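Chemist: Below is the file model-v8.cif, which contains mmCIF, C-alpha atoms.
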data_coords
loop_
_atom_site.label_atom_id
_atom_site.label_comp_id
_atom_site.auth_asym_id
_atom_site.auth_seq_id
_atom_site.Cartn_x
_atom_site.Cartn_y
_atom_site.Cartn_z
CA MET A 1 29.61 -9.44 -10.65
CA SER A 2 27.87 -8.99 -7.31
CA SER A 3 30.05 -5.99 -6.53
CA GLN A 4 28.75 -4.19 -9.60
CA THR A 5 26.41 -1.39 -8.55
CA HIS A 6 23.97 0.53 -10.67
CA THR A 7 24.27 4.28 -11.09
CA LEU A 8 21.87 6.97 -12.21
CA PRO A 9 22.08 7.43 -15.99
CA PRO A 10 22.32 11.08 -17.06
CA LEU A 11 19.33 12.52 -18.90
CA PRO A 12 19.87 12.95 -22.65
CA TYR A 13 18.56 16.57 -22.34
CA ALA A 14 18.42 19.39 -19.78
CA TYR A 15 15.92 19.28 -16.91
CA ASP A 16 13.91 22.13 -18.42
CA ALA A 17 14.05 20.79 -21.99
CA LEU A 18 10.60 19.17 -21.85
CA GLU A 19 8.82 22.36 -20.81
CA PRO A 20 6.05 23.34 -21.09
CA ILE A 21 4.84 19.72 -21.14
CA ILE A 22 6.84 18.61 -18.09
CA SER A 23 8.27 21.23 -15.75
CA LYS A 24 11.90 21.46 -14.74
CA GLN A 25 10.96 20.91 -11.08
CA ILE A 26 9.19 17.65 -11.88
CA MET A 27 12.09 16.42 -14.00
CA GLU A 28 14.65 17.23 -11.31
CA LEU A 29 12.76 15.48 -8.54
CA HIS A 30 11.76 12.60 -10.76
CA HIS A 31 15.30 11.93 -11.95
CA GLN A 32 17.48 12.96 -8.98
CA LYS A 33 15.21 11.68 -6.22
CA HIS A 34 12.71 9.08 -7.41
CA HIS A 35 14.88 7.31 -9.98
CA GLN A 36 17.91 7.53 -7.69
CA THR A 37 15.94 5.92 -4.84
CA TYR A 38 15.01 2.95 -7.01
CA ILE A 39 18.69 2.53 -7.86
CA ASN A 40 19.78 2.77 -4.22
CA ASN A 41 17.20 0.19 -3.17
CA LEU A 42 18.07 -2.05 -6.10
CA ASN A 43 21.74 -1.98 -5.14
CA ALA A 44 20.84 -2.78 -1.53
CA ALA A 45 18.65 -5.69 -2.64
CA LEU A 46 21.37 -7.01 -4.95
CA SER A 47 23.93 -6.84 -2.19
CA ALA A 48 21.59 -8.65 0.23
CA GLN A 49 21.00 -11.21 -2.49
CA ALA A 50 24.72 -11.76 -2.93
CA SER A 51 25.13 -12.44 0.80
CA ALA A 52 22.12 -14.73 0.87
CA THR A 53 23.43 -16.61 -2.14
CA ALA A 54 26.83 -17.01 -0.50
CA SER A 55 25.23 -18.47 2.62
CA ASN A 56 22.66 -20.45 0.64
CA ASP A 57 19.88 -18.71 2.57
CA VAL A 58 16.84 -19.66 0.47
CA PRO A 59 14.10 -17.96 2.58
CA THR A 60 15.95 -14.64 2.33
CA LEU A 61 16.48 -15.10 -1.39
CA ILE A 62 12.77 -15.63 -1.87
CA ALA A 63 11.87 -12.70 0.37
CA LEU A 64 14.09 -10.45 -1.75
CA GLN A 65 12.29 -11.19 -5.01
CA GLN A 66 9.62 -8.52 -4.64
CA LYS A 67 12.18 -5.85 -3.70
CA LEU A 68 14.20 -6.74 -6.78
CA ARG A 69 11.14 -6.65 -8.98
CA PHE A 70 9.96 -3.29 -7.65
CA ASN A 71 13.25 -1.47 -7.53
CA GLY A 72 14.79 -3.15 -10.55
CA GLY A 73 11.58 -2.44 -12.42
CA GLY A 74 11.72 1.18 -11.28
CA HIS A 75 15.28 1.51 -12.59
CA ILE A 76 14.47 -0.15 -15.93
CA ASN A 77 11.22 1.72 -16.49
CA HIS A 78 12.65 5.15 -15.79
CA SER A 79 15.74 4.43 -17.92
CA LEU A 80 13.47 3.55 -20.85
CA PHE A 81 11.18 6.51 -20.17
CA TRP A 82 13.83 9.26 -20.21
CA LYS A 83 15.12 8.05 -23.55
CA ASN A 84 11.73 7.71 -25.19
CA LEU A 85 11.02 11.39 -24.54
CA ALA A 86 12.41 14.28 -26.59
CA PRO A 87 12.08 18.06 -26.21
CA PRO A 88 8.98 19.39 -28.00
CA GLY A 89 9.54 20.63 -31.51
CA THR A 90 12.77 18.69 -32.05
CA PRO A 91 13.29 16.21 -34.90
CA GLY A 92 13.04 13.28 -32.46
CA ASN A 93 9.34 13.78 -31.81
CA ASP A 94 8.33 13.90 -35.44
CA ILE A 95 6.54 10.64 -36.18
CA GLY A 96 7.90 10.99 -39.73
CA GLY A 97 11.15 9.74 -38.23
CA ALA A 98 9.48 6.42 -37.45
CA PRO A 99 8.13 5.23 -40.82
CA THR A 100 8.08 1.51 -40.07
CA LEU A 101 6.46 1.94 -36.67
CA ARG A 102 3.98 4.48 -38.02
CA ASP A 103 2.84 2.05 -40.73
CA ALA A 104 2.49 -0.72 -38.17
CA ILE A 105 0.43 1.56 -35.89
CA ILE A 106 -1.85 2.61 -38.72
CA SER A 107 -2.38 -0.93 -39.89
CA ARG A 108 -3.26 -1.99 -36.34
CA TRP A 109 -5.43 0.94 -35.17
CA GLY A 110 -6.57 2.45 -38.46
CA SER A 111 -5.00 5.84 -37.87
CA TYR A 112 -2.52 7.63 -35.65
CA GLU A 113 -5.40 9.50 -33.99
CA ALA A 114 -7.27 6.29 -33.21
CA PHE A 115 -4.08 4.89 -31.67
CA VAL A 116 -3.53 7.99 -29.52
CA ASN A 117 -7.14 7.89 -28.34
CA ALA A 118 -6.95 4.21 -27.46
CA PHE A 119 -3.62 4.63 -25.67
CA SER A 120 -4.82 7.71 -23.77
CA ALA A 121 -7.95 5.88 -22.61
CA GLU A 122 -5.79 3.05 -21.26
CA LEU A 123 -3.59 5.54 -19.40
CA LEU A 124 -6.56 7.33 -17.84
CA GLY A 125 -8.15 4.01 -16.86
CA LEU A 126 -5.17 2.92 -14.77
CA GLN A 127 -6.21 2.39 -11.17
CA GLY A 128 -3.35 3.46 -8.93
CA SER A 129 0.30 3.76 -9.86
CA GLY A 130 1.64 2.24 -13.04
CA TRP A 131 2.83 2.62 -16.60
CA GLY A 132 1.38 2.54 -20.09
CA TRP A 133 3.44 0.91 -22.83
CA LEU A 134 3.41 0.38 -26.53
CA VAL A 135 4.70 -3.18 -26.74
CA SER A 136 5.92 -5.22 -29.66
CA LYS A 137 4.80 -8.75 -28.80
CA GLY A 138 7.30 -11.57 -28.91
CA GLY A 139 10.24 -9.47 -30.13
CA ALA A 140 11.15 -6.79 -32.66
CA LYS A 141 8.61 -5.99 -35.40
CA GLY A 142 5.98 -8.02 -33.57
CA ARG A 143 2.28 -7.37 -33.19
CA LEU A 144 1.74 -4.03 -31.46
CA GLU A 145 -0.24 -3.85 -28.26
CA ILE A 146 -1.07 -1.20 -25.67
CA VAL A 147 -0.21 -2.64 -22.28
CA THR A 148 -0.40 -1.26 -18.75
CA THR A 149 1.78 -2.52 -15.92
CA LYS A 150 1.11 -1.82 -12.27
CA ASP A 151 3.47 -0.07 -9.87
CA GLN A 152 6.98 -0.70 -11.24
CA ASP A 153 6.34 -3.98 -13.04
CA PRO A 154 8.46 -3.90 -16.19
CA VAL A 155 7.63 -5.22 -19.64
CA ASN A 156 9.16 -8.68 -19.65
CA GLY A 157 11.01 -10.25 -22.57
CA PRO A 158 10.59 -11.37 -25.24
CA ASP A 159 8.09 -8.48 -25.53
CA VAL A 160 9.74 -5.19 -26.51
CA PRO A 161 8.87 -1.91 -24.76
CA VAL A 162 8.65 0.45 -27.74
CA PHE A 163 7.90 3.38 -25.45
CA GLY A 164 6.53 3.87 -21.96
CA ILE A 165 4.58 6.57 -20.17
CA ASP A 166 4.87 6.99 -16.43
CA MET A 167 1.45 7.34 -14.79
CA TRP A 168 2.63 7.60 -11.19
CA GLU A 169 1.32 10.81 -9.67
CA HIS A 170 4.89 11.97 -9.04
CA ALA A 171 5.33 12.15 -12.84
CA TYR A 172 2.85 15.02 -13.23
CA TYR A 173 1.29 16.12 -9.95
CA LEU A 174 3.28 19.30 -9.22
CA GLN A 175 2.20 20.69 -12.58
CA TYR A 176 -1.13 19.07 -13.43
CA LEU A 177 -2.52 18.19 -9.97
CA ASN A 178 -5.55 15.94 -10.40
CA ASN A 179 -5.80 16.84 -14.11
CA LYS A 180 -4.00 13.77 -15.38
CA ALA A 181 -5.87 14.09 -18.69
CA GLY A 182 -3.88 17.29 -19.25
CA TYR A 183 -0.62 15.41 -18.73
CA VAL A 184 -1.69 12.61 -21.05
CA GLU A 185 -2.68 15.09 -23.73
CA GLY A 186 0.68 16.84 -23.49
CA ILE A 187 2.86 13.74 -23.47
CA TRP A 188 2.18 13.06 -27.16
CA LYS A 189 4.11 16.21 -28.01
CA ILE A 190 7.30 14.83 -26.45
CA ILE A 191 7.39 11.19 -27.55
CA HIS A 192 10.77 10.37 -29.09
CA TRP A 193 9.51 8.60 -32.19
CA ALA A 194 12.99 8.02 -33.60
CA GLU A 195 13.93 6.09 -30.43
CA ALA A 196 10.63 4.18 -30.58
CA GLU A 197 11.34 3.23 -34.20
CA LYS A 198 14.78 1.97 -33.23
CA ARG A 199 13.35 -0.22 -30.46
CA TYR A 200 10.56 -1.51 -32.67
CA ILE A 201 12.93 -2.53 -35.46
CA ALA A 202 15.90 -3.80 -33.45
CA GLY A 203 14.35 -4.69 -30.09
CA VAL A 204 15.77 -3.79 -26.68
CA GLU A 205 18.55 -6.11 -25.72
CA ASN A 206 19.20 -4.52 -22.34
CA PRO A 207 17.01 -1.62 -21.18
CA LEU A 208 19.83 -0.48 -18.87
CA LYS A 209 22.22 -0.21 -21.83
CA LEU A 210 20.23 1.77 -24.35
CA MET B 1 -22.21 -3.68 -4.15
CA ALA B 2 -24.06 -4.30 -0.91
CA ALA B 3 -20.88 -5.50 0.74
CA LEU B 4 -19.34 -2.07 0.30
CA LEU B 5 -22.07 -0.32 2.21
CA ASN B 6 -22.85 -0.50 5.85
CA ASN B 7 -26.36 -1.40 6.90
CA SER B 8 -27.80 2.04 7.40
CA ALA B 9 -26.36 3.22 4.13
CA ARG B 10 -27.90 0.27 2.33
CA VAL B 11 -31.29 1.01 3.85
CA ALA B 12 -30.93 4.61 2.78
CA LEU B 13 -30.23 3.54 -0.78
CA ARG B 14 -33.18 1.17 -0.89
CA SER B 15 -35.63 3.66 0.48
CA GLY B 16 -34.41 6.24 -2.03
CA ALA B 17 -34.19 8.78 0.75
CA SER B 18 -34.62 12.26 -0.60
CA ALA B 19 -32.73 14.13 2.08
CA THR B 20 -28.97 14.22 2.51
CA PHE B 21 -27.95 12.74 5.82
CA LYS B 22 -25.09 11.06 7.57
CA ALA B 23 -25.16 7.30 7.77
CA GLY B 24 -23.00 5.05 9.86
CA ALA B 25 -19.55 5.43 11.28
CA ALA B 26 -18.00 6.23 7.90
CA GLY B 27 -20.09 9.37 7.63
CA LEU B 28 -21.16 8.33 4.14
CA THR B 29 -23.72 10.73 2.76
CA PHE B 30 -26.38 10.00 0.19
CA ALA B 31 -29.00 12.06 -1.58
CA ARG B 32 -31.73 10.43 -3.68
CA GLY B 33 -29.87 7.15 -3.58
CA LYS B 34 -26.64 8.72 -4.89
CA ALA B 35 -23.38 8.92 -2.98
CA THR B 36 -22.44 12.51 -2.25
CA LEU B 37 -19.22 14.18 -1.15
CA PRO B 38 -19.30 14.49 2.65
CA ASP B 39 -18.43 17.84 4.21
CA LEU B 40 -15.28 18.02 6.28
CA SER B 41 -15.84 18.84 9.94
CA TYR B 42 -12.87 21.24 9.85
CA ASP B 43 -11.44 23.87 7.47
CA TYR B 44 -9.04 22.90 4.70
CA GLY B 45 -6.24 24.79 6.44
CA ALA B 46 -6.97 23.36 9.88
CA LEU B 47 -4.52 20.45 9.61
CA GLU B 48 -1.51 22.67 8.90
CA PRO B 49 1.39 22.33 9.23
CA SER B 50 1.00 18.53 9.01
CA ILE B 51 -1.10 18.72 5.82
CA SER B 52 -1.32 21.93 3.82
CA GLY B 53 -4.64 23.61 3.08
CA LYS B 54 -4.00 23.29 -0.65
CA ILE B 55 -3.55 19.52 -0.43
CA MET B 56 -6.69 19.15 1.67
CA GLU B 57 -8.73 21.23 -0.73
CA ILE B 58 -7.66 19.37 -3.90
CA HIS B 59 -7.80 16.03 -2.14
CA HIS B 60 -11.36 16.58 -0.95
CA LYS B 61 -12.95 18.69 -3.70
CA ASN B 62 -11.26 17.00 -6.64
CA HIS B 63 -9.91 13.54 -5.84
CA HIS B 64 -12.60 12.40 -3.43
CA ASN B 65 -15.31 14.00 -5.51
CA THR B 66 -14.10 12.14 -8.61
CA TYR B 67 -14.45 8.83 -6.74
CA VAL B 68 -17.99 9.82 -5.74
CA THR B 69 -18.95 10.76 -9.31
CA SER B 70 -17.34 7.68 -10.82
CA TYR B 71 -18.93 5.44 -8.20
CA ASN B 72 -22.38 6.83 -9.02
CA ASN B 73 -21.75 6.34 -12.74
CA THR B 74 -20.64 2.78 -12.10
CA MET B 75 -23.75 2.13 -10.03
CA GLU B 76 -25.97 3.40 -12.83
CA GLN B 77 -24.30 1.02 -15.25
CA LEU B 78 -24.60 -1.79 -12.74
CA GLN B 79 -28.31 -1.18 -12.21
CA GLU B 80 -28.81 -1.22 -15.96
CA ALA B 81 -26.88 -4.47 -16.25
CA GLN B 82 -28.95 -5.95 -13.43
CA ALA B 83 -32.20 -4.77 -15.01
CA THR B 84 -31.34 -6.46 -18.29
CA GLY B 85 -29.92 -9.54 -16.58
CA ASN B 86 -26.53 -8.98 -18.22
CA ILE B 87 -24.27 -11.08 -16.02
CA ALA B 88 -21.10 -10.48 -18.03
CA ALA B 89 -21.53 -6.71 -17.75
CA GLN B 90 -22.15 -6.97 -14.01
CA ILE B 91 -18.95 -8.95 -13.51
CA ALA B 92 -16.97 -6.59 -15.74
CA LEU B 93 -18.02 -3.68 -13.52
CA LYS B 94 -16.60 -5.25 -10.35
CA PRO B 95 -13.15 -3.61 -10.52
CA ALA B 96 -14.79 -0.19 -10.99
CA VAL B 97 -17.10 -0.76 -8.00
CA ASN B 98 -14.10 -1.79 -5.92
CA PHE B 99 -11.93 1.12 -7.03
CA HIS B 100 -14.39 4.01 -6.98
CA GLY B 101 -16.50 2.67 -4.12
CA GLY B 102 -13.31 1.93 -2.21
CA GLY B 103 -12.01 5.43 -2.92
CA HIS B 104 -15.22 6.91 -1.55
CA LEU B 105 -15.21 4.72 1.57
CA ASN B 106 -11.51 5.16 2.28
CA HIS B 107 -11.52 8.94 1.99
CA SER B 108 -14.72 9.26 4.05
CA LEU B 109 -13.07 7.28 6.85
CA PHE B 110 -9.79 9.15 6.46
CA TRP B 111 -11.28 12.65 6.89
CA GLU B 112 -13.01 11.45 10.05
CA ASN B 113 -9.92 9.95 11.59
CA LEU B 114 -8.10 13.28 11.22
CA ALA B 115 -8.67 16.35 13.38
CA PRO B 116 -7.01 19.71 13.94
CA LYS B 117 -4.87 19.96 17.06
CA SER B 118 -7.41 22.41 18.48
CA ALA B 119 -10.05 19.68 18.23
CA GLY B 120 -7.98 16.98 19.86
CA GLY B 121 -5.84 15.94 16.90
CA GLY B 122 -2.77 14.06 18.07
CA GLU B 123 -4.03 13.43 21.58
CA PRO B 124 -3.12 9.83 22.40
CA PRO B 125 -5.75 7.10 22.56
CA SER B 126 -7.35 6.09 25.83
CA GLY B 127 -9.55 3.34 27.22
CA ALA B 128 -9.94 -0.07 25.61
CA LEU B 129 -8.19 0.94 22.40
CA SER B 130 -5.17 2.23 24.27
CA LYS B 131 -5.04 -1.06 26.16
CA ALA B 132 -5.27 -3.09 22.94
CA ILE B 133 -2.44 -1.07 21.39
CA ASP B 134 -0.27 -1.51 24.49
CA THR B 135 -0.93 -5.25 24.53
CA THR B 136 -0.32 -5.72 20.83
CA TYR B 137 2.50 -3.25 20.17
CA GLY B 138 3.91 -2.33 23.55
CA GLY B 139 2.77 1.27 23.34
CA VAL B 140 1.44 3.90 20.98
CA GLY B 141 4.95 5.02 19.98
CA GLU B 142 5.87 1.49 18.93
CA PHE B 143 2.59 1.18 17.08
CA GLN B 144 3.27 4.40 15.18
CA SER B 145 6.74 3.19 14.17
CA LYS B 146 5.28 -0.06 12.84
CA MET B 147 2.49 1.77 11.02
CA ASN B 148 5.04 4.16 9.48
CA ALA B 149 7.17 1.23 8.34
CA ALA B 150 4.09 -0.36 6.76
CA LEU B 151 3.25 2.91 5.00
CA ALA B 152 6.81 3.32 3.72
CA SER B 153 6.82 -0.23 2.37
CA ILE B 154 3.81 0.24 0.08
CA GLN B 155 4.94 -0.26 -3.51
CA GLY B 156 2.77 2.09 -5.53
CA SER B 157 -0.51 3.66 -4.42
CA GLY B 158 -2.35 2.42 -1.38
CA TRP B 159 -3.34 2.75 2.24
CA ALA B 160 -2.23 1.45 5.60
CA TRP B 161 -4.89 0.66 8.18
CA LEU B 162 -5.15 -0.29 11.78
CA VAL B 163 -7.89 -2.91 11.61
CA LYS B 164 -9.88 -5.11 13.95
CA ASP B 165 -10.26 -8.79 13.12
CA LYS B 166 -13.97 -9.58 13.36
CA GLN B 167 -13.26 -13.21 14.25
CA THR B 168 -10.79 -12.67 17.07
CA GLY B 169 -11.23 -9.02 18.08
CA GLN B 170 -7.46 -8.58 17.66
CA ILE B 171 -6.05 -5.43 16.13
CA SER B 172 -3.37 -5.42 13.45
CA ILE B 173 -1.77 -3.28 10.74
CA ARG B 174 -2.62 -4.11 7.16
CA THR B 175 -1.76 -2.41 3.87
CA TYR B 176 -4.12 -2.29 0.91
CA ALA B 177 -3.28 -1.56 -2.74
CA ASN B 178 -4.81 1.37 -4.61
CA GLN B 179 -8.34 1.94 -3.28
CA ASP B 180 -9.00 -1.58 -2.05
CA PRO B 181 -11.27 -1.04 0.95
CA VAL B 182 -11.12 -2.77 4.32
CA VAL B 183 -14.01 -5.23 4.10
CA GLY B 184 -14.75 -8.83 4.99
CA GLN B 185 -12.88 -10.25 7.93
CA PHE B 186 -11.47 -6.90 8.98
CA GLU B 187 -12.97 -3.66 10.20
CA PRO B 188 -11.24 -0.34 9.50
CA LEU B 189 -10.18 1.60 12.60
CA LEU B 190 -7.57 4.09 11.40
CA GLY B 191 -6.48 4.72 7.83
CA ILE B 192 -3.61 6.72 6.37
CA ASP B 193 -3.57 7.58 2.69
CA ALA B 194 -0.22 6.76 1.07
CA TRP B 195 -1.14 7.87 -2.46
CA GLU B 196 1.26 10.50 -3.70
CA HIS B 197 -1.60 12.98 -4.13
CA ALA B 198 -2.05 12.90 -0.33
CA TYR B 199 1.31 14.57 0.31
CA TYR B 200 3.23 15.40 -2.85
CA LEU B 201 2.58 19.17 -3.07
CA GLN B 202 4.06 19.61 0.38
CA TYR B 203 6.52 16.75 0.86
CA GLN B 204 7.40 15.65 -2.71
CA ASN B 205 9.50 12.47 -2.49
CA ARG B 206 10.01 12.88 1.28
CA LYS B 207 7.02 10.73 2.15
CA VAL B 208 8.59 9.59 5.41
CA GLU B 209 8.23 13.17 6.70
CA TYR B 210 4.51 13.10 5.85
CA PHE B 211 4.07 9.79 7.66
CA SER B 212 5.78 11.23 10.70
CA ALA B 213 3.86 14.55 10.69
CA ILE B 214 0.40 13.07 10.30
CA TRP B 215 0.34 11.73 13.88
CA ASP B 216 -0.10 15.31 15.09
CA VAL B 217 -3.55 15.39 13.49
CA ILE B 218 -4.81 11.86 14.12
CA ASN B 219 -8.26 11.87 15.68
CA TRP B 220 -7.90 9.03 18.17
CA LYS B 221 -11.37 9.74 19.58
CA ALA B 222 -12.87 8.73 16.21
CA VAL B 223 -10.70 5.60 16.16
CA GLU B 224 -11.86 4.68 19.67
CA LYS B 225 -15.49 4.95 18.55
CA ARG B 226 -14.84 2.56 15.67
CA PHE B 227 -13.08 0.14 17.99
CA ALA B 228 -15.88 0.13 20.57
#
Can you turn what I pasted into structure tokens?
Modeler:
Amino acid sequence: MSSQTHTLPPLPYAYDALEPIISKQIMELHHQKHHQTYINNLNAALSAQASATASNDVPTLIALQQKLRFNGGGHINHSLFWKNLAPPGTPGNDIGGAPTLRDAIISRWGSYEAFVNAFSAELLGLQGSGWGWLVSKGGAKGRLEIVTTKDQDPVNGPDVPVFGIDMWEHAYYLQYLNNKAGYVEGIWKIIHWAEAEKRYIAGVENPLKL
Amino acid sequence: MAALLNNSARVALRSGASATFKAGAAGLTFARGKATLPDLSYDYGALEPSISGKIMEIHHKNHHNTYVTSYNNTMEQLQEAQATGNIAAQIALKPAVNFHGGGHLNHSLFWENLAPKSAGGGEPPSGALSKAIDTTYGGVGEFQSKMNAALASIQGSGWAWLVKDKQTGQISIRTYANQDPVVGQFEPLLGIDAWEHAYYLQYQNRKVEYFSAIWDVINWKAVEKRFA
């Protein structure tokens, strides 16, 4: 078990497939460099944890917790993120493909537009690096909430991450610079609503095995 | 709010000074009681090749300016909440004061502790500061390695600072999340911005290269003044 290492999951689309919303250059760096680094550091932390467990070294085990949280969170969050995006103009990002989720959103926020506005305001209000999530509280088909997590903190079970939006500057800076509102406006055109519907209805058993 | 401002700046705010002027070591500028974006004492391109002119321009004119604008907006809301005695609103504004005020303070200090090579950037510290660094870290090279390790270890956005402990006079390296400013027990001496916007256009994910290159444009003279 401890010898099992994590590897970079392939993207479900080409690096340039999200253009013009997210550039090929951003996607390449984000996936091949940033995501890969979280995986490398997670594997290193897991290996250190295995040694510390074997030698019953409790101080080291405790010291490793934050590294695991940050790098494991980075791996989980990016794995969820890639799959809850779809190239613009493809069937995946038609909200019609998410009837149950759409009804739940409308009953909670009044309209799709009101939901998008509320979510966008949360994203733009984030102070520093972090993520915005649509979360189903307590499990599948739960009460919907817009949640932000700082740095690489993941959404913890039993809450379900229906979809996530990366608000680290590396997610948009090469294209949008300080105009993060432009990035937030564009991201709604590439949400994979069919994937979101699936997560909302069935939950996410293991975000690393989507 | 008052805790974020140094004495002279606070006086300037109270007196509603109508002229723009420099106040205190942070070079914070105010006009009619509002925070204003301070001018850089060097050109945007002057820190190349360590920091590109494009980064400097966006960082100063856009990012820093947004902190200034948002800080002033927050202060207006705070004054209104104070005028109406709305305690809940005053407390709710605290994170915004910390974030935008911190962003303004941190960047103002940062620009000052950088300098082009032609203006002494990268020249090693001297005097009492040099002695304190030798005593604490065994030399400026060792200090830089430790500072770089601290910068690299930041999880998310933030800053690393060389600070002076007001109680003991000792110097140490501390990291701060997001725009949390160096206040209270510690005094800021030298700050390095580890937000991605500080380096991404030039270094992308290779932040370690940015941390290594920035020492060529550190204004140790400014740091010595803060330490004195």
Chemist: Would you kindly translate the PyMOL selection byres ((chain A) within 10 of (chain B)) into the concrete residues it picks from this file, as a list in words?
Modeler: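 With the shown file as input, the PyMOL selection byres ((chain A) within 10 of (chain B)) matches Ile26, Leu29, His30, Lys33, His34, Thr37, Gln66, Lys67, Phe70, Asn71, Gly125, Gln127, Gly128, Ser129, Gly130, Lys150, Asp151, Gln152, Trp168, Glu169, His170, Tyr173, Leu174, Gln175, Leu177, Asn178 and Asn179 of chain A.
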Chemist: Generate the output file for the selected residues, C-alpha atoms, as a short mmCIF file (atom, residue, chain, number, x, y, z; two decimals), keeping the file's coordinate frame.
Modeler:
data_model
loop_
_atom_site.label_atom_id
_atom_site.label_comp_id
_atom_site.auth_asym_id
_atom_site.auth_seq_id
_atom_site.Cartn_x
_atom_site.Cartn_y
_atom_site.Cartn_z
CA ILE A 26 9.19 17.65 -11.88
CA LEU A 29 12.76 15.48 -8.54
CA HIS A 30 11.76 12.60 -10.76
CA LYS A 33 15.21 11.68 -6.22
CA HIS A 34 12.71 9.08 -7.41
CA THR A 37 15.94 5.92 -4.84
CA GLN A 66 9.62 -8.52 -4.64
CA LYS A 67 12.18 -5.85 -3.70
CA PHE A 70 9.96 -3.29 -7.65
CA ASN A 71 13.25 -1.47 -7.53
CA GLY A 125 -8.15 4.01 -16.86
CA GLN A 127 -6.21 2.39 -11.17
CA GLY A 128 -3.35 3.46 -8.93
CA SER A 129 0.30 3.76 -9.86
CA GLY A 130 1.64 2.24 -13.04
CA LYS A 150 1.11 -1.82 -12.27
CA ASP A 151 3.47 -0.07 -9.87
CA GLN A 152 6.98 -0.70 -11.24
CA TRP A 168 2.63 7.60 -11.19
CA GLU A 169 1.32 10.81 -9.67
CA HIS A 170 4.89 11.97 -9.04
CA TYR A 173 1.29 16.12 -9.95
CA LEU A 174 3.28 19.30 -9.22
CA GLN A 175 2.20 20.69 -12.58
CA LEU A 177 -2.52 18.19 -9.97
CA ASN A 178 -5.55 15.94 -10.40
CA ASN A 179 -5.80 16.84 -14.11
#
Chemist: Where's the centre, and what are the edge lengths in Å to one decimal, of a box along x, y and z enclosing all listed atoms of segment 198-214 of chain B padded 6 Å per side, as AutoDock Vina command-line options?
Modeler:
--center_x 4.0 --center_y 14.6 --center_z 3.8 --size_x 24.1 --size_y 22.0 --size_z 25.8
Chemist: Any chance you could resolve the PyMOL selection byres ((chain B and resi 171) around 9) against this file and give the residues as a list in words?
Modeler: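 Written out, the selection comes to Ala132, Ile133, Thr136, Leu162, Val163, Lys164, Asp165, Thr168, Gly169, Gln170, Ser172, Ile173 and Leu189 of chain B.
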Chemist: Excluding Ser108 of chain B and its own-chain neighbours fewer than 6 positions away, which residues fall within 12 Å of it when counting all atoms listed in the file? Please give them as a VMD selection string.
Modeler: chain B and resid 22 to 29 35 to 41 59 to 60 63 to 65 67 to 68 101 to 102 114 181 188 190 to 193
Chemist: Go ahead and compute the interatomic distance for atom CA of Tyr176 of chain B and atom CA of Ala198 of chain B, in Å to one decimal.
Modeler: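 So the two atoms, atom CA of Tyr176 of chain B and atom CA of Ala198 of chain B, lie 15.4 Å apart.
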Chemist: Find the distance between atom CA of Asp159 of chain A and atom CA of Leu42 of chain A and write it in Å to one decimal.
Modeler: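 Rounded to one decimal, the two atoms are 22.8 Å apart.
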Chemist: Would you kindly translate the PyMOL selection byres ((chain A and resi 199-201) around 9) into the concrete residues it picks from this file, as a list in words?
Modeler: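 This file, filtered by the PyMOL selection byres ((chain A and resi 199-201) around 9), leaves Thr100, Leu101, Val135, Ser136, Gly139, Ala140, Lys141, Gly142, Val160, Pro161, Val162, Phe163, Ala194, Glu195, Ala196, Glu197, Lys198, Ala202, Gly203 and Val204 of chain A.
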Chemist: Take the residues from that selection and write them out as an mmCIF file, in the frame of the given file, keeping C-alpha atoms.
Modeler:
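Printed below is part19.cif as written:
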data_model
loop_
_atom_site.group_PDB
_atom_site.id
_atom_site.type_symbol
_atom_site.label_atom_id
_atom_site.label_comp_id
_atom_site.auth_asym_id
_atom_site.auth_seq_id
_atom_site.Cartn_x
_atom_site.Cartn_y
_atom_site.Cartn_z
ATOM 1 C CA THR A 100 8.080 1.510 -40.070
ATOM 2 C CA LEU A 101 6.460 1.940 -36.670
ATOM 3 C CA VAL A 135 4.700 -3.180 -26.740
ATOM 4 C CA SER A 136 5.920 -5.220 -29.660
ATOM 5 C CA GLY A 139 10.240 -9.470 -30.130
ATOM 6 C CA ALA A 140 11.150 -6.790 -32.660
ATOM 7 C CA LYS A 141 8.610 -5.990 -35.400
ATOM 8 C CA GLY A 142 5.980 -8.020 -33.570
ATOM 9 C CA VAL A 160 9.740 -5.190 -26.510
ATOM 10 C CA PRO A 161 8.870 -1.910 -24.760
ATOM 11 C CA VAL A 162 8.650 0.450 -27.740
ATOM 12 C CA PHE A 163 7.900 3.380 -25.450
ATOM 13 C CA ALA A 194 12.990 8.020 -33.600
ATOM 14 C CA GLU A 195 13.930 6.090 -30.430
ATOM 15 C CA ALA A 196 10.630 4.180 -30.580
ATOM 16 C CA GLU A 197 11.340 3.230 -34.200
ATOM 17 C CA LYS A 198 14.780 1.970 -33.230
ATOM 18 C CA ALA A 202 15.900 -3.800 -33.450
ATOM 19 C CA GLY A 203 14.350 -4.690 -30.090
ATOM 20 C CA VAL A 204 15.770 -3.790 -26.680
#
Chemist: Between atom CA of Glu76 of chain B and atom CA of Gly182 of chain A, what is the distance in Å, rounded to a tenth?
Modeler: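 Distance reported for this atom pair: 26.9 Å.
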Chemist: Given the choices A:Leu210, A:Trp193, A:Asp166, A:Ser55, which gets closest to Arg102 of chain A if the distance is worked out from only C-alpha atoms?
Modeler: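 Using only C-alpha atoms, Arg102 of chain A sits closest to A:Trp193.
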Chemist: Please return as a list in words every residue within 10 Å of (15.8, 4.2, -21.0), taking into account all atoms listed in the file and the file's own coordinates.
Modeler: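 Checking each residue against the 10 Å limit leaves Pro9, Leu11, Pro12, His75, Ile76, Asn77, His78, Ser79, Leu80, Phe81, Trp82, Lys83, Asn84, Leu85, Pro161, Phe163, Gly164, Glu195, Val204, Asn206, Pro207, Leu208, Lys209 and Leu210 of chain A.
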